[in-house]
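Undergrad: Take a look at target.json, JSON, C-alpha atoms:
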```json
[["chain", "number", "residue", "atom", "x", "y", "z"],
["O", 696, "MET", "CA", -158.87, 60.28, 56.07],
["O", 697, "ASN", "CA", -160.69, 56.95, 56.30],
["O", 698, "ILE", "CA", -160.84, 55.50, 52.77],
["O", 699, "ASP", "CA", -162.26, 52.06, 52.01],
["O", 700, "LEU", "CA", -159.71, 49.69, 50.45],
["O", 701, "ASN", "CA", -162.46, 48.30, 48.20],
["O", 702, "ASP", "CA", -163.02, 51.78, 46.72],
["O", 703, "LEU", "CA", -159.32, 52.02, 45.88],
["O", 704, "ASN", "CA", -159.44, 48.59, 44.25],
["O", 705, "ALA", "CA", -162.48, 49.65, 42.25],
["O", 706, "PHE", "CA", -160.67, 52.73, 40.93],
["O", 707, "VAL", "CA", -157.61, 50.68, 39.91],
["O", 708, "ALA", "CA", -159.79, 48.08, 38.17],
["O", 709, "VAL", "CA", -161.69, 50.69, 36.15],
["O", 710, "ALA", "CA", -158.58, 52.71, 35.27],
["O", 711, "ARG", "CA", -156.69, 49.64, 34.08],
["O", 712, "ALA", "CA", -159.65, 48.23, 32.12],
["O", 713, "GLY", "CA", -160.52, 51.58, 30.52],
["O", 714, "GLY", "CA", -164.20, 51.24, 31.33],
["O", 715, "PHE", "CA", -166.73, 50.17, 33.94],
["O", 716, "ARG", "CA", -168.16, 47.25, 31.96],
["O", 717, "ASP", "CA", -164.78, 45.67, 31.20],
["O", 718, "ALA", "CA", -163.71, 46.19, 34.80],
["O", 719, "ALA", "CA", -166.93, 44.57, 35.98],
["O", 720, "ARG", "CA", -166.29, 41.50, 33.83],
["O", 721, "ALA", "CA", -162.72, 41.22, 35.10],
["O", 722, "SER", "CA", -163.45, 41.84, 38.78],
["O", 723, "GLY", "CA", -166.84, 40.16, 39.20],
["O", 724, "VAL", "CA", -168.32, 43.37, 40.66],
["O", 725, "SER", "CA", -171.24, 45.07, 38.93],
["O", 726, "ALA", "CA", -170.55, 48.14, 36.80],
["O", 727, "SER", "CA", -172.94, 50.17, 38.94],
["O", 728, "GLY", "CA", -171.12, 49.04, 42.08],
["O", 729, "LEU", "CA", -167.78, 50.09, 40.63],
["O", 730, "SER", "CA", -169.21, 53.43, 39.53],
["O", 731, "GLU", "CA", -170.55, 54.12, 43.01],
["O", 732, "ALA", "CA", -167.23, 53.14, 44.60],
["O", 733, "VAL", "CA", -165.24, 55.49, 42.34],
["O", 734, "ARG", "CA", -167.72, 58.32, 42.92],
["O", 735, "ARG", "CA", -167.42, 57.79, 46.68],
["O", 736, "LEU", "CA", -163.61, 57.85, 46.45],
["O", 737, "GLU", "CA", -163.62, 61.06, 44.39],
["O", 738, "THR", "CA", -165.94, 62.71, 46.92],
["O", 739, "GLN", "CA", -163.67, 61.77, 49.82],
["O", 740, "LEU", "CA", -160.53, 62.96, 48.02],
["O", 741, "GLY", "CA", -162.19, 66.07, 46.62],
["O", 742, "VAL", "CA", -160.76, 65.58, 43.14],
["O", 743, "ARG", "CA", -161.91, 63.95, 39.89],
["O", 744, "LEU", "CA", -159.97, 60.77, 39.15],
["O", 745, "LEU", "CA", -161.58, 59.64, 35.88],
["O", 746, "HIS", "CA", -162.70, 61.37, 32.70],
["O", 747, "ARG", "CA", -165.99, 59.74, 31.69],
["O", 748, "THR", "CA", -167.56, 59.86, 28.23],
["O", 749, "THR", "CA", -170.16, 57.66, 26.58],
["O", 750, "ARG", "CA", -167.37, 55.81, 24.75],
["O", 751, "SER", "CA", -164.44, 55.67, 27.12],
["O", 752, "VAL", "CA", -163.09, 56.16, 30.61],
["O", 753, "ALA", "CA", -159.56, 57.50, 31.20],
["O", 754, "PRO", "CA", -157.69, 58.67, 34.31],
["O", 755, "THR", "CA", -157.28, 62.41, 34.90],
["O", 756, "GLU", "CA", -153.82, 63.74, 35.73],
["O", 757, "ALA", "CA", -154.64, 63.23, 39.40],
["O", 758, "GLY", "CA", -155.96, 59.76, 38.61],
["O", 759, "ARG", "CA", -152.79, 58.79, 36.74],
["O", 760, "GLY", "CA", -150.67, 59.93, 39.65],
["O", 761, "LEU", "CA", -152.75, 57.94, 42.11],
["O", 762, "LEU", "CA", -152.74, 54.86, 39.86],
["O", 763, "THR", "CA", -148.94, 54.95, 39.50],
["O", 764, "ARG", "CA", -148.42, 54.92, 43.26],
["O", 765, "LEU", "CA", -151.44, 52.86, 44.22],
["O", 766, "GLY", "CA", -150.90, 49.79, 41.99],
["O", 767, "PRO", "CA", -147.69, 48.58, 43.66],
["O", 768, "ALA", "CA", -149.07, 49.43, 47.10],
["O", 769, "LEU", "CA", -152.17, 47.31, 46.57],
["O", 770, "ASN", "CA", -150.00, 44.46, 45.27],
["O", 771, "GLU", "CA", -148.07, 44.62, 48.53],
["O", 772, "VAL", "CA", -151.32, 44.54, 50.52],
["O", 773, "GLU", "CA", -152.43, 41.49, 48.53],
["O", 774, "ALA", "CA", -149.09, 39.82, 49.11],
["O", 775, "ALA", "CA", -149.29, 40.55, 52.85],
["O", 776, "LEU", "CA", -152.74, 38.97, 53.02],
["O", 777, "ASP", "CA", -151.43, 35.94, 51.14],
["O", 778, "ILE", "CA", -148.75, 35.49, 53.77],
["O", 779, "VAL", "CA", -151.51, 35.22, 56.36],
["O", 780, "ASN", "CA", -153.40, 32.86, 54.08],
["O", 781, "GLY", "CA", -150.28, 30.71, 53.91],
["O", 782, "PHE", "CA", -150.66, 29.92, 57.63],
["O", 783, "ARG", "CA", -153.94, 28.14, 56.94],
["O", 784, "ASP", "CA", -153.90, 24.37, 56.98],
["O", 785, "ARG", "CA", -155.34, 24.55, 53.45],
["O", 786, "PRO", "CA", -154.88, 27.39, 50.91],
["O", 787, "ALA", "CA", -158.09, 29.31, 50.27],
["O", 788, "GLY", "CA", -159.31, 31.95, 47.86],
["O", 789, "THR", "CA", -160.08, 32.39, 44.17],
["O", 790, "LEU", "CA", -157.81, 31.48, 41.27],
["O", 791, "LYS", "CA", -158.72, 32.97, 37.88],
["O", 792, "LEU", "CA", -157.14, 31.51, 34.72],
["O", 793, "ASN", "CA", -157.26, 32.76, 31.12],
["O", 794, "VAL", "CA", -156.91, 29.88, 28.63],
["O", 795, "PRO", "CA", -157.59, 28.98, 24.98],
["O", 796, "VAL", "CA", -160.71, 26.92, 24.29],
["O", 797, "SER", "CA", -158.51, 24.01, 23.18],
["O", 798, "VAL", "CA", -156.83, 23.95, 26.60],
["O", 799, "ALA", "CA", -160.18, 24.10, 28.40],
["O", 800, "ARG", "CA", -161.32, 21.12, 26.35],
["O", 801, "LEU", "CA", -158.20, 18.98, 26.03],
["O", 802, "VAL", "CA", -155.87, 19.81, 28.95],
["O", 803, "LEU", "CA", -157.78, 21.07, 31.97],
["O", 804, "PRO", "CA", -160.30, 18.21, 32.38],
["O", 805, "ALA", "CA", -157.55, 15.90, 33.62],
["O", 806, "ILE", "CA", -156.27, 18.54, 36.06],
["O", 807, "VAL", "CA", -159.22, 20.54, 37.41],
["O", 808, "SER", "CA", -161.13, 17.84, 39.29],
["O", 809, "PRO", "CA", -158.09, 16.38, 41.09],
["O", 810, "PHE", "CA", -156.91, 19.90, 41.94],
["O", 811, "LEU", "CA", -160.28, 20.94, 43.40],
["O", 812, "ALA", "CA", -160.43, 17.70, 45.36],
["O", 813, "ALA", "CA", -156.97, 18.39, 46.79],
["O", 814, "TYR", "CA", -157.80, 22.04, 47.63],
["O", 815, "PRO", "CA", -161.48, 22.25, 48.57],
["O", 816, "ASP", "CA", -161.15, 25.83, 49.87],
["O", 817, "ILE", "CA", -160.00, 27.18, 46.50],
["O", 818, "LYS", "CA", -162.51, 28.46, 43.96],
["O", 819, "LEU", "CA", -161.32, 28.14, 40.35],
["O", 820, "GLU", "CA", -162.61, 30.45, 37.62],
["O", 821, "VAL", "CA", -161.64, 29.72, 34.00],
["O", 822, "VAL", "CA", -162.01, 32.27, 31.19],
["O", 823, "ALA", "CA", -161.70, 30.54, 27.79],
["O", 824, "GLU", "CA", -160.94, 32.81, 24.82],
["O", 825, "GLU", "CA", -158.57, 33.06, 21.87],
["O", 826, "SER", "CA", -157.73, 36.78, 22.03],
["O", 827, "PHE", "CA", -154.25, 37.96, 23.00],
["O", 828, "VAL", "CA", -154.85, 39.52, 26.41],
["O", 829, "ASP", "CA", -152.82, 40.93, 29.27],
["O", 830, "VAL", "CA", -153.83, 38.44, 31.94],
["O", 831, "LEU", "CA", -153.22, 40.87, 34.78],
["O", 832, "ALA", "CA", -155.16, 43.71, 33.16],
["O", 833, "ALA", "CA", -157.97, 41.21, 32.51],
["O", 834, "GLY", "CA", -158.12, 40.47, 36.23],
["O", 835, "CYS", "CA", -156.65, 36.96, 35.94],
["O", 836, "ASP", "CA", -153.95, 35.45, 38.12],
["O", 837, "ALA", "CA", -152.35, 33.37, 35.37],
["O", 838, "GLY", "CA", -152.85, 32.13, 31.84],
["O", 839, "ILE", "CA", -152.21, 29.07, 29.71],
["O", 840, "ARG", "CA", -150.88, 29.46, 26.18],
["O", 841, "TYR", "CA", -148.73, 27.71, 23.63],
["O", 842, "GLY", "CA", -145.09, 28.82, 23.34],
["O", 843, "GLU", "CA", -145.46, 31.16, 20.38],
["O", 844, "ARG", "CA", -148.27, 33.03, 22.14],
["O", 845, "LEU", "CA", -146.76, 33.39, 25.61],
["O", 846, "GLU", "CA", -146.54, 36.88, 27.06],
["O", 847, "GLN", "CA", -143.04, 38.19, 27.69],
["O", 848, "ASP", "CA", -141.32, 38.45, 31.09],
["O", 849, "MET", "CA", -143.43, 35.68, 32.57],
["O", 850, "ILE", "CA", -142.64, 32.50, 34.44],
["O", 851, "ALA", "CA", -143.70, 29.52, 32.30],
["O", 852, "VAL", "CA", -144.40, 26.00, 33.59],
["O", 853, "PRO", "CA", -145.24, 23.05, 31.30],
["O", 854, "ILE", "CA", -148.81, 21.86, 31.72],
["O", 855, "GLY", "CA", -150.60, 18.93, 30.12],
["O", 856, "PRO", "CA", -149.24, 16.68, 27.34],
["O", 857, "ARG", "CA", -145.86, 17.83, 26.10],
["O", 858, "SER", "CA", -146.45, 16.83, 22.49],
["O", 859, "GLN", "CA", -149.54, 17.33, 20.34],
["O", 860, "ARG", "CA", -150.40, 17.05, 16.65],
["O", 861, "MET", "CA", -152.76, 18.72, 14.22],
["O", 862, "ALA", "CA", -154.85, 16.11, 12.39],
["O", 863, "VAL", "CA", -156.46, 16.38, 8.94],
["O", 864, "ALA", "CA", -159.63, 14.43, 8.22],
["O", 865, "ALA", "CA", -163.01, 14.38, 6.53],
["O", 866, "ALA", "CA", -166.00, 12.08, 6.26],
["O", 867, "PRO", "CA", -165.33, 8.96, 4.15],
["O", 868, "ALA", "CA", -168.23, 9.97, 1.90],
["O", 869, "TYR", "CA", -166.50, 13.28, 1.13],
["O", 870, "PHE", "CA", -163.32, 11.51, 0.09],
["O", 871, "ASP", "CA", -165.26, 8.97, -1.98],
["O", 872, "GLN", "CA", -166.77, 11.85, -3.94],
["O", 873, "HIS", "CA", -163.80, 14.23, -4.17],
["O", 874, "GLY", "CA", -160.75, 12.00, -3.83],
["O", 875, "ARG", "CA", -158.14, 11.64, -1.12],
["O", 876, "PRO", "CA", -155.25, 14.12, -1.15],
["O", 877, "GLU", "CA", -151.79, 12.54, -1.18],
["O", 878, "HIS", "CA", -149.83, 15.78, -0.68],
["O", 879, "PRO", "CA", -150.76, 18.87, 1.37],
["O", 880, "ARG", "CA", -150.66, 21.09, -1.73],
["O", 881, "GLU", "CA", -153.60, 19.14, -3.14],
["O", 882, "LEU", "CA", -155.78, 20.66, -0.41],
["O", 883, "VAL", "CA", -156.14, 23.81, -2.53],
["O", 884, "ASN", "CA", -158.49, 21.74, -4.71],
["O", 885, "HIS", "CA", -160.66, 20.70, -1.75],
["O", 886, "ALA", "CA", -163.32, 22.28, 0.45],
["O", 887, "CYS", "CA", -161.47, 23.22, 3.64],
["O", 888, "LEU", "CA", -163.36, 24.01, 6.83],
["O", 889, "SER", "CA", -161.35, 26.66, 8.65],
["O", 890, "GLY", "CA", -161.25, 28.99, 11.65],
["O", 891, "ARG", "CA", -160.54, 32.68, 12.09],
["O", 892, "PHE", "CA", -158.86, 34.24, 15.13],
["O", 893, "PRO", "CA", -160.57, 37.24, 16.81],
["O", 894, "SER", "CA", -157.87, 39.40, 15.20],
["O", 895, "GLY", "CA", -159.31, 38.48, 11.80],
["O", 896, "THR", "CA", -156.45, 36.19, 10.78],
["O", 897, "VAL", "CA", -157.24, 32.83, 9.18],
["O", 898, "PRO", "CA", -154.21, 30.71, 10.11],
["O", 899, "ALA", "CA", -152.52, 28.67, 7.43],
["O", 900, "TRP", "CA", -152.51, 24.89, 7.73],
["O", 901, "GLU", "CA", -148.93, 23.78, 8.34],
["O", 902, "PHE", "CA", -147.41, 20.42, 7.45],
["O", 903, "GLU", "CA", -143.97, 18.89, 7.97],
["O", 904, "ARG", "CA", -142.26, 15.76, 6.65],
["O", 905, "ASN", "CA", -138.56, 14.93, 6.41],
["O", 906, "ASP", "CA", -137.62, 18.56, 7.07],
["O", 907, "GLU", "CA", -139.97, 19.74, 4.30],
["O", 908, "LEU", "CA", -142.39, 22.43, 5.49],
["O", 909, "VAL", "CA", -145.59, 23.19, 3.59],
["O", 910, "GLN", "CA", -148.18, 25.87, 4.31],
["O", 911, "VAL", "CA", -151.64, 25.83, 2.78],
["O", 912, "ALA", "CA", -154.12, 28.72, 2.87],
["O", 913, "PRO", "CA", -157.43, 26.95, 3.54],
["O", 914, "ALA", "CA", -160.43, 27.93, 1.43],
["O", 915, "GLY", "CA", -163.89, 26.48, 1.52],
["O", 916, "PRO", "CA", -167.56, 26.83, 2.36],
["O", 917, "LEU", "CA", -167.31, 27.40, 6.11],
["O", 918, "ILE", "CA", -165.23, 29.66, 8.39],
["O", 919, "VAL", "CA", -165.94, 29.99, 12.12],
["O", 920, "ARG", "CA", -164.37, 32.09, 14.84],
["O", 921, "ILE", "CA", -161.78, 29.97, 16.62],
["O", 922, "GLY", "CA", -163.09, 29.21, 20.08],
["O", 923, "GLY", "CA", -166.61, 28.20, 20.97],
["O", 924, "ALA", "CA", -167.71, 27.59, 17.36],
["O", 925, "VAL", "CA", -165.05, 24.96, 16.57],
["O", 926, "ASP", "CA", -167.49, 22.12, 17.25],
["O", 927, "LEU", "CA", -169.53, 23.43, 14.32],
["O", 928, "LEU", "CA", -166.53, 22.72, 12.08],
["O", 929, "VAL", "CA", -166.34, 19.19, 13.45],
["O", 930, "ASP", "CA", -170.05, 18.61, 12.84],
["O", 931, "ALA", "CA", -169.75, 19.96, 9.30],
["O", 932, "ALA", "CA", -166.80, 17.67, 8.58],
["O", 933, "ILE", "CA", -168.71, 14.65, 9.86],
["O", 934, "ALA", "CA", -171.66, 15.65, 7.66],
["O", 935, "GLY", "CA", -169.41, 15.61, 4.58],
["O", 936, "SER", "CA", -169.06, 19.35, 3.98],
["O", 937, "GLY", "CA", -165.27, 19.32, 3.69],
["O", 938, "ILE", "CA", -161.87, 18.68, 5.26],
["O", 939, "ILE", "CA", -160.97, 19.79, 8.77],
["O", 940, "CYS", "CA", -157.58, 20.45, 10.39],
["O", 941, "LEU", "CA", -157.72, 20.39, 14.19],
["O", 942, "PHE", "CA", -156.01, 19.04, 17.30],
["O", 943, "GLU", "CA", -155.69, 15.27, 16.97],
["O", 944, "ASP", "CA", -157.01, 14.77, 20.50],
["O", 945, "TRP", "CA", -160.11, 16.82, 19.63],
["O", 946, "LEU", "CA", -160.86, 14.64, 16.59],
["O", 947, "ARG", "CA", -159.73, 11.34, 18.11],
["O", 948, "PRO", "CA", -163.22, 10.06, 19.14],
["O", 949, "HIS", "CA", -164.51, 10.63, 15.58],
["O", 950, "LEU", "CA", -161.40, 9.08, 14.01],
["O", 951, "ASP", "CA", -161.79, 6.01, 16.21],
["O", 952, "SER", "CA", -165.49, 5.68, 15.41],
["O", 953, "GLY", "CA", -164.92, 6.01, 11.68],
["O", 954, "ALA", "CA", -167.07, 9.12, 11.36],
["O", 955, "LEU", "CA", -163.93, 10.90, 10.14],
["O", 956, "GLU", "CA", -161.16, 9.42, 8.02],
["O", 957, "PRO", "CA", -157.59, 10.68, 8.48],
["O", 958, "VAL", "CA", -155.45, 11.74, 5.52],
["O", 959, "LEU", "CA", -151.89, 12.99, 5.08],
["O", 960, "GLU", "CA", -150.93, 11.55, 8.48],
["O", 961, "PRO", "CA", -147.17, 11.40, 7.69],
["O", 962, "TRP", "CA", -147.39, 15.20, 7.27],
["O", 963, "TRP", "CA", -149.21, 15.96, 10.52],
["O", 964, "GLN", "CA", -147.19, 18.59, 12.35],
["O", 965, "ARG", "CA", -146.14, 17.87, 15.90],
["O", 966, "PHE", "CA", -145.74, 20.78, 18.31],
["O", 967, "GLN", "CA", -144.91, 21.47, 21.94],
["O", 968, "GLY", "CA", -147.67, 21.39, 24.52],
["O", 969, "PRO", "CA", -148.94, 24.44, 26.42],
["O", 970, "PHE", "CA", -147.51, 26.35, 29.38],
["O", 971, "LEU", "CA", -149.01, 27.81, 32.52],
["O", 972, "TYR", "CA", -147.60, 31.33, 32.81],
["O", 973, "TYR", "CA", -147.73, 33.97, 35.52],
["O", 974, "PRO", "CA", -145.81, 37.09, 36.64],
["O", 975, "GLY", "CA", -142.56, 36.50, 38.47],
["O", 976, "ARG", "CA", -143.63, 38.14, 41.69],
["O", 977, "ARG", "CA", -141.70, 37.45, 44.84],
["O", 978, "LEU", "CA", -144.86, 36.41, 46.63],
["O", 979, "MET", "CA", -147.59, 34.52, 44.77],
["O", 980, "PRO", "CA", -151.23, 34.39, 45.87],
["O", 981, "ALA", "CA", -151.75, 31.17, 47.82],
["O", 982, "PRO", "CA", -154.29, 29.67, 45.32],
["O", 983, "LEU", "CA", -151.90, 30.27, 42.41],
["O", 984, "LYS", "CA", -148.95, 28.80, 44.30],
["O", 985, "ALA", "CA", -151.02, 25.72, 45.10],
["O", 986, "PHE", "CA", -151.98, 25.33, 41.44],
["O", 987, "VAL", "CA", -148.39, 25.80, 40.21],
["O", 988, "ASP", "CA", -147.13, 23.22, 42.72],
["O", 989, "PHE", "CA", -149.91, 20.82, 41.69],
["O", 990, "VAL", "CA", -149.09, 21.20, 37.99],
["O", 991, "LYS", "CA", -145.37, 20.71, 38.60],
["O", 992, "ALA", "CA", -146.01, 17.59, 40.67],
["O", 993, "SER", "CA", -148.10, 16.04, 37.91],
["O", 994, "ALA", "CA", -145.82, 17.08, 35.01],
["O", 995, "ASP", "CA", -143.74, 14.72, 32.90],
["O", 996, "PRO", "CA", -140.43, 14.48, 34.82],
["O", 997, "THR", "CA", -138.44, 14.09, 31.58],
["O", 998, "PHE", "CA", -139.46, 17.55, 30.35],
["O", 999, "PRO", "CA", -137.53, 20.72, 31.35],
["O", 1000, "GLY", "CA", -139.11, 22.61, 34.20],
["O", 1001, "THR", "CA", -139.83, 26.26, 34.89],
["O", 1002, "VAL", "CA", -138.48, 28.83, 32.45],
["O", 1003, "THR", "CA", -138.64, 32.61, 32.27],
["O", 1004, "ARG", "CA", -139.42, 34.36, 28.97],
["O", 1005, "HIS", "CA", -137.78, 37.75, 28.36],
["O", 1006, "THR", "CA", -138.05, 40.30, 25.60]]
```
Can the structure in the file be given as structure tokens, please?
TA:
Amino acid sequence: MNIDLNDLNAFVAVARAGGFRDAARASGVSASGLSEAVRRLETQLGVRLLHRTTRSVAPTEAGRGLLTRLGPALNEVEAALDIVNGFRDRPAGTLKLNVPVSVARLVLPAIVSPFLAAYPDIKLEVVAEESFVDVLAAGCDAGIRYGERLEQDMIAVPIGPRSQRMAVAAAPAYFDQHGRPEHPRELVNHACLSGRFPSGTVPAWEFERNDELVQVAPAGPLIVRIGGAVDLLVDAAIAGSGIICLFEDWLRPHLDSGALEPVLEPWWQRFQGPFLYYPGRRLMPAPLKAFVDFVKASADPTFPGTVTRHT
């Protein structure tokens, strides 16, 4: 039986994603193309592999059996092809990363251009979002997250600055009108401009000084979804609508220009920088290996290296 490897990959992508549209977004192949590939595979095998409804797609019993055996086999095929790719003078292929918007804005700009210049045959695709996702199921090779949000059983490599702070600021005119807080608890009497995660959670603002920890539930006139709308919070703070709490590096240009005035700086919480994480496979795709090696080479040598997170 002569079955196209691409049709098998299409079936695995759809089965893992639970739908043609999600699989299309993850794989870069159109939903119609995936549908045709799965239909062709089912015709050749003479058995239905997927239950299809208007709301969901799920593997049949035959489909589950094929998926269980096929996933590892395709990983081995991919690894075998990467061995061949490793004989190239320069690694080639596509590297897909899943990262928070803050990393795309504050960490990757210093890394991406030098990396692409060093590896001109690698195509880099970056998906920026704040949702907790399984990077492999989402069709990504690796992800970047902060320590408390790392997936388990992954190899983690430090990337970018190893120490960051959350800054609190507002327009000078806002403080002139409403007063300047001298303790984090006074923020409950102020208009706080806050963000909400896709899960629906509005994170507390956390402060630390001399081993004293304070959490404040922000409340105010504006809440945005954390991610692409964060710049709206910054603009609102500059316009005098309230107080913002955000990465110091994100606010730094506005702090330096005077558009925003910092407050409570002795309480600003410092936290560990992000990590590049990826599955601990014996053989990594050549583009991912090149990126990991590049990140390690440019990392702060005083910071501990690769670690593995376990459940």
Undergrad: I need every residue sitting at most 10 Å from the point (-159.9, 27.9, 50.6) (coordinates as in the file, all atoms listed in the file considered), written as a count of residues only.
TA: 15
Undergrad: Give the answer as one residue: which of O:Ala753, O:Leu790, O:Ala924, O:Ala768 has the shortest atom-to-atom distance to O:Glu824, using all atoms listed in the file?
TA: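 That would be O:Ala924, the residue with the smallest distance to O:Glu824.
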Undergrad: Might you pull out every residue within 6 Å of stretch 930-943 of chain O, with all atoms listed in the file counted and same-chain residues fewer than 3 positions away left off, and present them as number ranges by chain?
TA: O: 860-866, 869, 886-888, 927, 946-947, 954
Undergrad: So how many Å separate atom CA of O:Phe715 and atom CA of O:Glu825, to one decimal?
TA: 22.5 Å
Undergrad: Check which residues of stretch 796-886 of chain O sit at most 6 Å from stretch 964-971 of chain O using all atoms listed in the file, and return one row each with the closest pair of atoms and their distance in Å to one decimal, ordered by chain and rising number, as a tab-separated table.
TA:
```
residue	atom	partner	partner_atom	distance
O:Gly838	CA	O:Leu971	CA	5.8
O:Ile839	CA	O:Leu971	CA	4.4
O:Arg840	CA	O:Pro969	CA	5.4
O:Tyr841	CA	O:Pro969	CA	4.3
O:Ala851	CA	O:Leu971	CA	5.6
O:Val852	CA	O:Leu971	CA	5.1
O:Pro853	CA	O:Phe970	CA	4.4
O:Ile854	CA	O:Phe970	CA	5.2
O:Pro856	CA	O:Gly968	CA	5.7
O:Arg857	CA	O:Gly968	CA	4.3
O:Ser858	CA	O:Gln967	CA	4.9
O:Gln859	CA	O:Phe966	CA	5.5
O:Arg860	CA	O:Arg965	CA	4.4
O:Met861	CA	O:Gln964	CA	5.9
```
Undergrad: With only C-alpha atoms as the basis for distance, which of O:Phe870, O:Trp963, O:Trp945, O:Phe892 is at the shortest distance from O:Gln910?
TA: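 Smallest distance to O:Gln910 is found for O:Trp963.
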Undergrad: Quick check, in Å to one decimal: how far apart do atom CA of O:Pro948 and atom CA of O:Val821 lie?
TA: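 Computing it gives 24.7 Å between the two atoms.
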Undergrad: What is the distance between atom CA of O:Ser727 and atom CA of O:Thr763, in Å to one decimal?
TA: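 Going from atom CA of O:Ser727 over to atom CA of O:Thr763 covers 24.5 Å.
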Undergrad: Which is closer to O:Met849 than all the others in O:Tyr973, O:Phe810, O:Phe706, O:Val830, using all atoms listed in the file?
TA: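 Answer, going by the shortest atom-to-atom distance: O:Tyr973.
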Undergrad: What lies within 9 Å of stretch 743-750 of chain O using all atoms listed in the file, ignoring chain neighbours under 3 positions off, as a ChimeraX atom specification?
TA: /O:706,709-710,714,733-734,736-738,740,753-759,761
Undergrad: Pick out the closest residue to O:Gly953 from this set: O:Ala705, O:Ala868, O:Val742, O:Ile698. Count all atoms listed in the file.
TA: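 Ranking O:Ala705, O:Ala868, O:Val742, O:Ile698 by distance to O:Gly953, first place goes to O:Ala868.
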Undergrad: Go ahead and fit an axis-aligned box to every listed atom of stretch 925-934 of chain O plus 6 Å each side, and pass me the centre and edge lengths in Å, one decimal, as AutoDock Vina command-line options.
TA:
```
--center_x -168.4 --center_y 19.8 --center_z 12.5 --size_x 18.6 --size_y 22.3 --size_z 21.6
```
Undergrad: Write out as a list in words each polymer residue whose atoms come within 9 Å of O:Leu928, counting all atoms listed in the file; drop sequence neighbours fewer than 6 positions from it.
TA: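 These residues fall inside the cut-off: Leu888, Ser889, Gly890, Leu917, Ile918, Val919 and Ile939 of chain O.
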Undergrad: So which one's closest to O:Val911, O:Asp699, O:Asp926, O:Glu771, O:Glu881? Using all atoms listed in the file, please.
TA: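 Of all the options, O:Glu881 lies closest to O:Val911.
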Undergrad: Excluding O:Pro876 and any residue of its chain fewer than 3 positions from it, enumerate the residues within 8 Å of it, using only C-alpha atoms, and give them as JSON, numbers by chain.
TA: {"O": [879, 881, 882, 958, 959]}
Undergrad: How would you write as number ranges by chain the residues that get within 10 Å of (-156.3, 16.8, 34.3) in the file's frame, counting all atoms listed in the file?
TA: O: 801-810, 854-856, 990, 993
Undergrad: Counting all atoms listed in the file, which of O:Trp962, O:Gly874, O:Gly922, O:His885 gets nearest to O:Asp906?
TA: O:Trp962
